[in-house]
file protein18.cif (mmCIF, C-alpha atoms and all ligand atoms)
data_coords
loop_
_atom_site.label_atom_id
_atom_site.label_comp_id
_atom_site.auth_asym_id
_atom_site.auth_seq_id
_atom_site.Cartn_x
_atom_site.Cartn_y
_atom_site.Cartn_z
CA MET A 26 33.46 -21.10 -1.36
CA GLN A 27 33.39 -17.49 -0.15
CA LYS A 28 35.58 -15.17 -2.15
CA SER A 29 35.11 -11.45 -2.82
CA ILE A 30 35.85 -10.55 -6.42
CA LEU A 31 35.85 -7.34 -8.47
CA ILE A 32 35.63 -7.33 -12.28
CA LEU A 33 36.71 -4.11 -13.99
CA GLY A 34 35.27 -3.75 -17.50
CA ALA A 35 32.43 -6.19 -16.76
CA CYS A 36 30.27 -4.95 -19.68
CA GLY A 37 32.73 -5.99 -22.38
CA GLN A 38 32.89 -9.17 -24.45
CA ILE A 39 34.86 -11.17 -21.88
CA GLY A 40 33.75 -9.29 -18.76
CA THR A 41 30.06 -10.11 -19.24
CA GLU A 42 30.54 -13.86 -19.46
CA LEU A 43 33.31 -13.97 -16.86
CA THR A 44 31.09 -12.13 -14.34
CA MET A 45 28.22 -14.55 -14.88
CA ALA A 46 30.53 -17.58 -14.63
CA LEU A 47 32.10 -16.31 -11.39
CA ARG A 48 28.66 -15.53 -9.93
CA LYS A 49 27.54 -19.04 -10.76
CA LYS A 50 30.58 -20.63 -9.16
CA TYR A 51 30.95 -18.44 -6.04
CA ASN A 52 28.54 -16.44 -3.90
CA ALA A 53 27.01 -14.01 -6.45
CA GLU A 54 26.63 -11.28 -3.81
CA MET A 55 30.41 -11.24 -3.44
CA VAL A 56 31.17 -10.92 -7.15
CA VAL A 57 31.12 -7.19 -7.89
CA ALA A 58 30.79 -6.21 -11.55
CA SER A 59 31.95 -2.75 -12.58
CA ASP A 60 32.32 -0.71 -15.75
CA ILE A 61 32.55 2.90 -16.83
CA ARG A 62 29.04 2.53 -18.28
CA GLU A 63 25.77 1.16 -16.89
CA GLY A 64 25.49 -2.62 -17.02
CA SER A 65 22.86 -4.78 -18.70
CA GLN A 66 19.92 -6.08 -16.66
CA GLU A 67 21.62 -9.44 -16.48
CA LEU A 68 24.71 -7.90 -14.86
CA THR A 69 22.94 -5.46 -12.53
CA GLN A 70 20.30 -7.88 -11.29
CA SER A 71 22.40 -10.96 -10.63
CA GLY A 72 24.75 -9.28 -8.12
CA PRO A 73 26.36 -5.97 -7.12
CA PHE A 74 27.24 -3.47 -9.88
CA GLU A 75 29.34 -0.29 -9.59
CA ILE A 76 30.08 2.44 -12.13
CA LEU A 77 33.86 2.61 -12.02
CA ASP A 78 36.62 4.18 -14.11
CA ALA A 79 39.58 1.77 -14.16
CA THR A 80 42.03 4.66 -14.59
CA ASN A 81 40.94 6.19 -11.25
CA TYR A 82 43.03 4.63 -8.45
CA GLU A 83 41.04 6.16 -5.58
CA ALA A 84 37.71 5.08 -7.05
CA ILE A 85 38.91 1.46 -7.38
CA GLU A 86 40.39 1.57 -3.90
CA ASP A 87 37.04 2.76 -2.46
CA VAL A 88 35.19 -0.17 -4.03
CA VAL A 89 37.91 -2.61 -2.93
CA MET A 90 37.66 -1.36 0.67
CA HIS A 91 33.86 -1.21 0.71
CA TYR A 92 33.37 -4.80 -0.49
CA GLU A 93 36.58 -6.13 1.11
CA ILE A 94 37.70 -7.36 -2.32
CA GLU A 95 40.33 -10.11 -2.48
CA GLU A 96 40.60 -10.77 -6.23
CA VAL A 97 40.51 -8.35 -9.16
CA TYR A 98 39.96 -9.24 -12.84
CA LEU A 99 41.00 -6.30 -15.00
CA MET A 100 39.07 -6.65 -18.27
CA ALA A 101 38.84 -2.94 -19.20
CA ALA A 102 40.95 -2.15 -22.28
CA MET A 103 40.96 -0.56 -25.69
CA LEU A 104 41.41 -3.23 -28.40
CA SER A 105 43.80 -3.27 -31.33
CA ALA A 106 41.88 -1.57 -34.15
CA THR A 107 40.43 1.25 -32.02
CA ALA A 108 43.78 1.78 -30.32
CA GLU A 109 45.37 2.55 -33.71
CA LYS A 110 42.91 5.45 -34.01
CA PHE A 111 43.41 6.76 -30.47
CA PRO A 112 46.98 5.82 -29.48
CA ASN A 113 47.27 8.11 -26.45
CA ARG A 114 43.90 7.20 -25.02
CA ALA A 115 44.62 3.51 -25.55
CA TRP A 116 47.99 3.71 -23.83
CA ASN A 117 46.51 5.66 -20.93
CA LEU A 118 43.59 3.29 -20.38
CA ASN A 119 45.55 0.06 -20.88
CA MET A 120 48.57 1.04 -18.76
CA THR A 121 47.05 3.21 -16.03
CA SER A 122 44.39 0.63 -15.21
CA LEU A 123 47.01 -2.13 -14.94
CA LEU A 124 49.38 -0.10 -12.76
CA ASN A 125 46.44 0.87 -10.52
CA VAL A 126 45.57 -2.74 -9.90
CA LEU A 127 49.19 -3.85 -9.51
CA ASP A 128 49.69 -1.05 -6.95
CA LEU A 129 46.67 -2.28 -4.98
CA GLY A 130 48.43 -5.66 -4.92
CA LYS A 131 51.69 -4.10 -3.84
CA GLU A 132 49.87 -2.27 -1.00
CA LYS A 133 48.38 -5.67 0.05
CA LYS A 134 44.87 -4.30 -0.44
CA ILE A 135 44.06 -7.23 -2.75
CA ASP A 136 45.50 -10.77 -2.82
CA LYS A 137 45.27 -11.85 -6.45
CA ILE A 138 45.02 -10.25 -9.89
CA PHE A 139 44.04 -11.46 -13.35
CA TRP A 140 45.12 -9.36 -16.30
CA PRO A 141 44.72 -10.42 -19.95
CA SER A 142 47.52 -10.21 -22.48
CA SER A 143 46.97 -11.12 -26.13
CA ILE A 144 48.43 -12.65 -29.28
CA ALA A 145 48.92 -8.96 -30.18
CA VAL A 146 51.98 -8.96 -27.93
CA PHE A 147 53.83 -10.65 -30.82
CA GLY A 148 55.00 -8.80 -33.92
CA PRO A 149 55.96 -9.24 -37.57
CA ASN A 150 59.38 -10.70 -36.69
CA THR A 151 57.99 -13.36 -34.34
CA PRO A 152 57.93 -16.94 -35.74
CA LYS A 153 54.38 -17.19 -37.12
CA ASP A 154 53.62 -20.89 -36.78
CA ASN A 155 53.38 -22.56 -33.42
CA THR A 156 54.73 -19.39 -31.82
CA PRO A 157 56.71 -20.38 -28.71
CA GLN A 158 56.05 -19.05 -25.21
CA SER A 159 59.36 -17.25 -25.17
CA THR A 160 60.44 -15.70 -28.44
CA LEU A 161 61.21 -12.48 -30.30
CA MET A 162 58.47 -9.93 -29.59
CA GLU A 163 58.40 -6.67 -31.47
CA PRO A 164 54.71 -5.65 -31.48
CA SER A 165 53.87 -3.06 -34.13
CA THR A 166 50.50 -1.88 -32.77
CA VAL A 167 49.76 0.45 -29.84
CA TYR A 168 47.64 -2.29 -28.30
CA GLY A 169 50.47 -4.82 -28.68
CA ILE A 170 53.00 -2.43 -27.19
CA SER A 171 50.69 -1.92 -24.19
CA LYS A 172 50.41 -5.70 -23.78
CA GLN A 173 54.16 -6.20 -23.94
CA ALA A 174 54.80 -3.42 -21.42
CA GLY A 175 51.99 -4.84 -19.28
CA GLU A 176 53.55 -8.30 -19.25
CA ARG A 177 56.86 -6.83 -18.13
CA TRP A 178 55.10 -4.89 -15.34
CA CYS A 179 53.27 -8.01 -14.13
CA GLU A 180 56.48 -10.01 -13.90
CA TYR A 181 58.23 -7.09 -12.24
CA TYR A 182 55.53 -6.66 -9.55
CA PHE A 183 55.62 -10.40 -8.88
CA ASN A 184 59.42 -10.54 -8.55
CA LYS A 185 59.87 -7.30 -6.69
CA TYR A 186 56.76 -7.06 -4.49
CA GLY A 187 55.38 -10.62 -4.50
CA VAL A 188 52.13 -9.55 -6.18
CA ASP A 189 50.15 -12.66 -7.17
CA VAL A 190 49.30 -11.64 -10.73
CA ARG A 191 48.29 -14.17 -13.39
CA SER A 192 47.75 -13.76 -17.11
CA VAL A 193 47.07 -15.47 -20.43
CA ARG A 194 47.62 -14.27 -23.99
CA TYR A 195 44.08 -14.63 -25.33
CA PRO A 196 43.64 -15.43 -29.00
CA GLY A 197 40.67 -13.91 -30.87
CA LEU A 198 37.55 -14.77 -28.87
CA ILE A 199 34.25 -15.96 -30.34
CA SER A 200 31.06 -15.53 -28.34
CA TRP A 201 27.35 -14.93 -28.86
CA LYS A 202 26.34 -12.92 -25.78
CA THR A 203 28.25 -9.65 -26.15
CA LEU A 204 29.85 -8.29 -29.31
CA PRO A 205 33.57 -7.56 -29.26
CA GLY A 206 34.43 -3.92 -29.86
CA GLY A 207 37.28 -2.57 -31.92
CA GLY A 208 39.43 -5.67 -32.36
CA THR A 209 41.09 -7.22 -35.40
CA THR A 210 39.61 -10.66 -34.73
CA ASP A 211 36.03 -9.28 -34.52
CA TYR A 212 35.23 -10.64 -37.99
CA ALA A 213 34.95 -14.12 -36.48
CA VAL A 214 31.92 -12.97 -34.45
CA GLU A 215 30.37 -10.53 -36.94
CA ILE A 216 30.32 -13.23 -39.60
CA TYR A 217 27.74 -15.32 -37.68
CA HIS A 218 25.46 -12.34 -37.08
CA GLU A 219 25.59 -11.31 -40.74
CA ALA A 220 25.14 -14.90 -41.94
CA LEU A 221 21.84 -15.02 -40.04
CA LYS A 222 20.73 -11.50 -40.92
CA LYS A 223 21.78 -11.18 -44.56
CA GLY A 224 23.21 -14.50 -45.70
CA ASN A 225 26.34 -12.63 -46.75
CA TYR A 226 29.40 -11.15 -45.07
CA THR A 227 32.06 -8.75 -46.32
CA CYS A 228 35.21 -9.62 -44.44
CA PHE A 229 37.79 -6.94 -43.59
CA LEU A 230 40.62 -9.52 -43.72
CA ASN A 231 41.63 -11.49 -46.79
CA GLN A 232 40.55 -15.10 -47.19
CA ASP A 233 43.82 -16.75 -46.17
CA THR A 234 44.57 -14.81 -42.99
CA TYR A 235 45.17 -17.50 -40.37
CA LEU A 236 44.76 -16.33 -36.78
CA PRO A 237 44.59 -18.15 -33.43
CA MET A 238 41.01 -18.19 -32.09
CA MET A 239 39.05 -19.58 -29.17
CA TYR A 240 35.41 -20.08 -28.18
CA MET A 241 34.47 -18.00 -25.13
CA ASP A 242 33.62 -20.96 -22.87
CA ASP A 243 37.19 -22.20 -23.29
CA ALA A 244 38.57 -18.74 -22.53
CA ILE A 245 36.50 -18.43 -19.34
CA ARG A 246 37.47 -21.92 -18.21
CA ALA A 247 41.15 -21.15 -18.84
CA THR A 248 40.89 -17.92 -16.84
CA MET A 249 39.18 -19.56 -13.87
CA THR A 250 41.49 -22.58 -13.90
CA LEU A 251 44.57 -20.37 -13.91
CA MET A 252 43.20 -18.27 -11.03
CA GLU A 253 42.46 -21.38 -8.97
CA ALA A 254 45.81 -23.05 -9.60
CA PRO A 255 48.17 -23.24 -6.62
CA SER A 256 50.73 -20.47 -6.75
CA LYS A 257 53.64 -22.90 -6.85
CA SER A 258 52.47 -24.42 -10.15
CA ILE A 259 52.56 -21.07 -11.93
CA SER A 260 56.00 -20.75 -13.48
CA ILE A 261 55.18 -17.81 -15.75
CA ARG A 262 54.29 -14.44 -14.27
CA SER A 263 54.35 -12.44 -17.49
CA SER A 264 51.61 -14.21 -19.48
CA TYR A 265 50.89 -17.74 -20.74
CA ASN A 266 50.47 -18.66 -24.39
CA LEU A 267 46.97 -20.10 -24.79
CA ALA A 268 45.54 -21.88 -27.84
CA ALA A 269 42.50 -23.75 -29.09
CA MET A 270 42.23 -23.46 -32.91
CA SER A 271 43.53 -21.55 -35.90
CA PHE A 272 41.64 -20.88 -39.12
CA SER A 273 41.23 -18.43 -41.99
CA PRO A 274 38.10 -16.47 -42.98
CA LYS A 275 37.73 -18.85 -45.93
CA GLU A 276 37.68 -21.89 -43.63
CA MET A 277 35.22 -20.18 -41.35
CA ALA A 278 32.93 -19.46 -44.30
CA THR A 279 33.07 -23.15 -45.28
CA SER A 280 32.14 -24.16 -41.75
CA ILE A 281 29.14 -21.76 -41.87
CA GLN A 282 28.08 -23.10 -45.28
CA ARG A 283 27.69 -26.56 -43.74
CA HIS A 284 24.79 -25.07 -41.75
CA LYS A 285 23.70 -22.38 -44.25
CA PRO A 286 24.54 -23.60 -47.78
CA ASP A 287 23.47 -20.27 -49.34
CA PHE A 288 25.88 -18.20 -47.26
CA THR A 289 28.33 -16.13 -49.32
CA ILE A 290 31.42 -14.18 -48.33
CA ASP A 291 33.30 -11.29 -49.98
CA TYR A 292 36.66 -9.84 -49.01
CA SER A 293 37.52 -6.19 -48.68
CA PRO A 294 40.65 -5.95 -46.53
CA ASP A 295 41.18 -2.65 -44.71
CA PHE A 296 43.80 -1.30 -42.25
CA ARG A 297 43.17 -4.27 -39.98
CA GLN A 298 44.81 -6.60 -42.52
CA GLN A 299 48.20 -5.16 -41.63
CA ILE A 300 47.54 -5.72 -37.92
CA ALA A 301 46.48 -9.32 -38.54
CA ASP A 302 49.54 -9.93 -40.72
CA SER A 303 51.78 -8.93 -37.81
CA TRP A 304 50.28 -11.58 -35.48
CA PRO A 305 50.98 -15.34 -35.24
CA SER A 306 48.95 -17.91 -37.19
CA SER A 307 49.13 -20.50 -34.45
CA ILE A 308 50.37 -20.72 -30.87
CA ASP A 309 52.32 -23.28 -28.84
CA ASP A 310 50.65 -23.42 -25.42
CA THR A 311 52.65 -26.30 -23.92
CA MET A 312 53.45 -24.33 -20.75
CA ALA A 313 49.77 -23.73 -19.91
CA ARG A 314 49.08 -27.43 -20.48
CA GLU A 315 51.97 -28.52 -18.28
CA ASP A 316 51.64 -25.98 -15.47
CA TRP A 317 47.89 -25.93 -14.88
CA GLY A 318 46.44 -28.64 -17.10
CA TRP A 319 45.02 -26.51 -19.92
CA GLN A 320 42.96 -28.42 -22.54
CA PRO A 321 40.66 -26.67 -25.05
CA GLN A 322 37.24 -28.21 -25.77
CA PHE A 323 35.99 -26.25 -28.79
CA ASP A 324 37.20 -26.53 -32.39
CA LEU A 325 35.76 -24.57 -35.33
CA GLU A 326 32.96 -27.05 -36.09
CA LYS A 327 31.77 -27.14 -32.49
CA THR A 328 31.99 -23.34 -32.27
CA THR A 329 29.87 -22.85 -35.42
CA LYS A 330 27.27 -25.30 -34.14
CA VAL A 331 26.92 -23.55 -30.75
CA MET A 332 26.93 -20.07 -32.30
CA PHE A 333 23.98 -20.90 -34.53
CA GLU A 334 22.14 -22.62 -31.69
CA LYS A 335 22.55 -19.63 -29.38
CA LEU A 336 22.10 -16.68 -31.74
N1 LIG A 401 41.03 -9.81 -30.10
C1 LIG A 401 41.93 -8.74 -29.86
C2 LIG A 401 41.92 -7.76 -30.96
O1 LIG A 401 41.61 -8.14 -32.06
C3 LIG A 401 43.31 -9.27 -29.69
O2 LIG A 401 43.60 -9.40 -28.36
O3 LIG A 401 42.27 -6.64 -30.77
#
call {"tool": "encode", "arguments": {"input": "protein18.cif", "output": "structure tokens"}}
result
Amino acid sequence: MQKSILILGACGQIGTELTMALRKKYNAEMVVASDIREGSQELTQSGPFEILDATNYEAIEDVVMHYEIEEVYLMAAMLSATAEKFPNRAWNLNMTSLLNVLDLGKEKKIDKIFWPSSIAVFGPNTPKDNTPQSTLMEPSTVYGISKQAGERWCEYYFNKYGVDVRSVRYPGLISWKTLPGGGTTDYAVEIYHEALKKGNYTCFLNQDTYLPMMYMDDAIRATMTLMEAPSKSISIRSSYNLAAMSFSPKEMATSIQRHKPDFTIDYSPDFRQQIADSWPSSIDDTMAREDWGWQPQFDLEKTTKVMFEKL
């Protein structure tokens, strides 16, 4: 199928794998990767690559016009832990980039948009277990506030201007190709690297912190399935709850010890503990299952097995 696609923030944890998956599925020459920094060889040699600042409307518009882009995936963002250190920069990047892309949709310069929300959209007063799609949301982090505002904007642009924007609330994502940067769920990736390198990991969250998580292949499949779903089956234009597994650092350590019996873990919670404590432990994703047939394929055991195979 011919489809011209632009990925903003293609060098990040999700962007890298999403770009490669889209290039595999569609005509790679029509899948344009872009980021504010130079891409890896893999990204620059498998299809077009552009240096692009997602906060610059004109620059995005130029690339959209040049490649006759139909679909945009906006993966550029500042994650939760870094955003607490640079609140203004985080707000500017996360909101300006989204409004830029939504405006391109409003101007009919692009047909379809994917924008990621997050479990961070929920807050300390949200029901923690099996968090429903629609519930009390009072995010207490800058990142979470930007996700909540973003969800409202997406729904608004759909209702008011008919912009075809689609979104999921990603849980913490586990992958081997690209490291996450500046998130609260990053421990679940770092732990595998340190287990292989040192046989020990000092975790910045305490042992019983349950968080919703997902293996990257599931996240990419969810994203592509949602984007391919017929418009009429999408009943939620803010963002869909999405789930695969929930576990604590202690459970993750046990899963690693099944492969590396000598692995040890210590706990030294820092400021990220408070962020994690404000997020749900598990998510009810019934709507994603009903509307577009979502089904996760990776649990913790399968994730650990693949991570050690790949790393
Ligand atoms: N994984 C992200 C973070 O920790 C949440 O969306 O910031």
call {"tool": "closest_residue", "arguments": {"input": "protein18.cif", "among": "A:Arg246, A:Lys131, A:Arg297, A:Lys153", "to": "ligand LIG 401 (chain A)", "atoms": "all atoms listed in the file"}}
result
A:Arg297
call {"tool": "closest_atom_pairs", "arguments": {"input": "protein18.cif", "of": "stretch 230-323 of chain A", "to": "stretch 191-194 of chain A", "cutoff": "6 Å", "atoms": "all atoms listed in the file", "output": "CSV"}}
result
residue,atom,partner,partner_atom,distance
A:Ser264,CA,A:Ser192,CA,4.6
A:Tyr265,CA,A:Val193,CA,4.5
A:Asn266,CA,A:Arg194,CA,5.2
A:Leu267,CA,A:Arg194,CA,5.9
call {"tool": "closest_atom_pairs", "arguments": {"input": "protein18.cif", "of": "chain A", "to": "ligand LIG 401 (chain A)", "cutoff": "8 Å", "atoms": "all atoms listed in the file", "output": "Markdown table"}}
result
| residue | atom | partner | partner_atom | distance |
| --- | --- | --- | --- | --- |
| A:Leu104 | CA | A:LIG401 | O3 | 4.2 |
| A:Ser105 | CA | A:LIG401 | O3 | 3.7 |
| A:Ala106 | CA | A:LIG401 | O3 | 6.1 |
| A:Ser142 | CA | A:LIG401 | O2 | 7.1 |
| A:Ser143 | CA | A:LIG401 | O2 | 4.4 |
| A:Ile144 | CA | A:LIG401 | O2 | 5.9 |
| A:Ala145 | CA | A:LIG401 | C3 | 5.6 |
| A:Tyr168 | CA | A:LIG401 | O3 | 7.3 |
| A:Arg194 | CA | A:LIG401 | O2 | 7.7 |
| A:Tyr195 | CA | A:LIG401 | O2 | 6.1 |
| A:Pro196 | CA | A:LIG401 | O2 | 6.1 |
| A:Gly197 | CA | A:LIG401 | N1 | 4.2 |
| A:Leu198 | CA | A:LIG401 | N1 | 6.2 |
| A:Pro205 | CA | A:LIG401 | N1 | 7.8 |
| A:Gly207 | CA | A:LIG401 | O3 | 6.5 |
| A:Gly208 | CA | A:LIG401 | O1 | 3.3 |
| A:Thr209 | CA | A:LIG401 | O1 | 3.5 |
| A:Thr210 | CA | A:LIG401 | O1 | 4.2 |
| A:Asp211 | CA | A:LIG401 | O1 | 6.2 |
call {"tool": "atom_distance", "arguments": {"input": "protein18.cif", "atom1": "atom CA of A:Pro149", "atom2": "atom CA of A:Pro305"}}
result
8.2 Å
call {"tool": "closest_residue", "arguments": {"input": "protein18.cif", "among": "A:Gln299, A:Thr156, A:Thr44, A:Asn184", "to": "A:Asn231", "atoms": "all atoms listed in the file"}}
result
A:Gln299
call {"tool": "residues_around", "arguments": {"input": "protein18.cif", "residues": "A:Lys223", "least_positions_apart": "4", "cutoff": "12 Å", "atoms": "only C-alpha atoms", "output": "mmCIF file with C-alpha atoms, keeping the file's coordinate frame"}}
result
data_model
loop_
_atom_site.group_PDB
_atom_site.id
_atom_site.type_symbol
_atom_site.label_atom_id
_atom_site.label_comp_id
_atom_site.auth_asym_id
_atom_site.auth_seq_id
_atom_site.Cartn_x
_atom_site.Cartn_y
_atom_site.Cartn_z
ATOM 1 C CA GLU A 215 30.370 -10.530 -36.940
ATOM 2 C CA ILE A 216 30.320 -13.230 -39.600
ATOM 3 C CA TYR A 217 27.740 -15.320 -37.680
ATOM 4 C CA HIS A 218 25.460 -12.340 -37.080
ATOM 5 C CA GLU A 219 25.590 -11.310 -40.740
ATOM 6 C CA THR A 227 32.060 -8.750 -46.320
ATOM 7 C CA LYS A 285 23.700 -22.380 -44.250
ATOM 8 C CA ASP A 287 23.470 -20.270 -49.340
ATOM 9 C CA PHE A 288 25.880 -18.200 -47.260
ATOM 10 C CA THR A 289 28.330 -16.130 -49.320
ATOM 11 C CA ILE A 290 31.420 -14.180 -48.330
#
call {"tool": "closest_residue", "arguments": {"input": "protein18.cif", "among": "A:Gly224, A:Gly169, A:Pro164, A:Pro73", "to": "A:Ser59", "atoms": "all atoms listed in the file"}}
result
A:Pro73
call {"tool": "closest_residue", "arguments": {"input": "protein18.cif", "among": "A:Gly72, A:Pro112, A:Pro141, A:Gly187", "to": "A:Val167", "atoms": "all atoms listed in the file"}}
result
A:Pro112
call {"tool": "closest_residue", "arguments": {"input": "protein18.cif", "among": "A:Ile76, A:Lys172, A:Ile199, A:Phe139", "to": "A:Val214", "atoms": "all atoms listed in the file"}}
result
A:Ile199
call {"tool": "residues_around", "arguments": {"input": "protein18.cif", "residues": "A:Tyr186", "least_positions_apart": "2", "cutoff": "10 Å", "atoms": "only C-alpha atoms", "output": "short mmCIF file (atom, residue, chain, number, x, y, z; two decimals) with C-alpha atoms, in the frame of the given file"}}
result
data_model
loop_
_atom_site.label_atom_id
_atom_site.label_comp_id
_atom_site.auth_asym_id
_atom_site.auth_seq_id
_atom_site.Cartn_x
_atom_site.Cartn_y
_atom_site.Cartn_z
CA LEU A 127 49.19 -3.85 -9.51
CA ASP A 128 49.69 -1.05 -6.95
CA GLY A 130 48.43 -5.66 -4.92
CA LYS A 131 51.69 -4.10 -3.84
CA GLU A 132 49.87 -2.27 -1.00
CA LYS A 133 48.38 -5.67 0.05
CA GLU A 180 56.48 -10.01 -13.90
CA TYR A 181 58.23 -7.09 -12.24
CA TYR A 182 55.53 -6.66 -9.55
CA PHE A 183 55.62 -10.40 -8.88
CA ASN A 184 59.42 -10.54 -8.55
CA VAL A 188 52.13 -9.55 -6.18
CA ASP A 189 50.15 -12.66 -7.17
#
call {"tool": "atom_distance", "arguments": {"input": "protein18.cif", "atom1": "atom CA of A:Leu33", "atom2": "atom CA of A:Tyr240"}}
result
21.4 Å
call {"tool": "decode", "arguments": {"input": "protein18.cif", "residues": "stretch 203-218 of chain A", "atoms": "N, CA and C atoms", "output": "CSV table (one decimal), in the first residue's frame"}}
result
chain,number,residue,atom,x,y,z
A,203,THR,N,16.5,1.0,21.6
A,203,THR,CA,16.9,2.4,21.9
A,203,THR,C,16.5,2.6,23.4
A,204,LEU,N,17.4,3.2,24.2
A,204,LEU,CA,17.1,3.4,25.6
A,204,LEU,C,16.0,4.5,25.7
A,205,PRO,N,15.2,4.4,26.7
A,205,PRO,CA,14.2,5.5,27.0
A,205,PRO,C,15.1,6.6,27.6
A,206,GLY,N,14.5,7.8,27.6
A,206,GLY,CA,15.3,8.9,28.2
A,206,GLY,C,14.4,9.8,29.1
A,207,GLY,N,14.7,9.8,30.4
A,207,GLY,CA,14.1,10.7,31.3
A,207,GLY,C,12.7,10.4,31.8
A,208,GLY,N,12.4,9.1,31.7
A,208,GLY,CA,11.0,8.7,32.2
A,208,GLY,C,11.1,8.0,33.6
A,209,THR,N,10.0,7.8,34.2
A,209,THR,CA,9.9,7.2,35.5
A,209,THR,C,9.8,5.7,35.4
A,210,THR,N,9.5,5.2,34.2
A,210,THR,CA,9.4,3.7,34.0
A,210,THR,C,10.7,3.2,33.4
A,211,ASP,N,11.7,4.1,33.3
A,211,ASP,CA,13.0,3.7,32.6
A,211,ASP,C,13.7,2.5,33.3
A,212,TYR,N,13.4,2.3,34.6
A,212,TYR,CA,14.1,1.3,35.4
A,212,TYR,C,13.9,-0.1,34.7
A,213,ALA,N,12.7,-0.2,34.1
A,213,ALA,CA,12.4,-1.6,33.6
A,213,ALA,C,13.2,-1.9,32.3
A,214,VAL,N,13.9,-0.9,31.8
A,214,VAL,CA,14.8,-1.2,30.7
A,214,VAL,C,16.3,-1.3,31.2
A,215,GLU,N,16.6,-0.3,32.1
A,215,GLU,CA,18.0,-0.2,32.6
A,215,GLU,C,18.4,-1.5,33.3
A,216,ILE,N,17.4,-2.1,34.0
A,216,ILE,CA,17.6,-3.3,34.8
A,216,ILE,C,18.2,-4.4,34.0
A,217,TYR,N,17.8,-4.6,32.7
A,217,TYR,CA,18.3,-5.6,31.9
A,217,TYR,C,19.8,-5.3,31.5
A,218,HIS,N,20.0,-4.1,31.2
A,218,HIS,CA,21.4,-3.7,30.8
A,218,HIS,C,22.4,-3.9,31.9
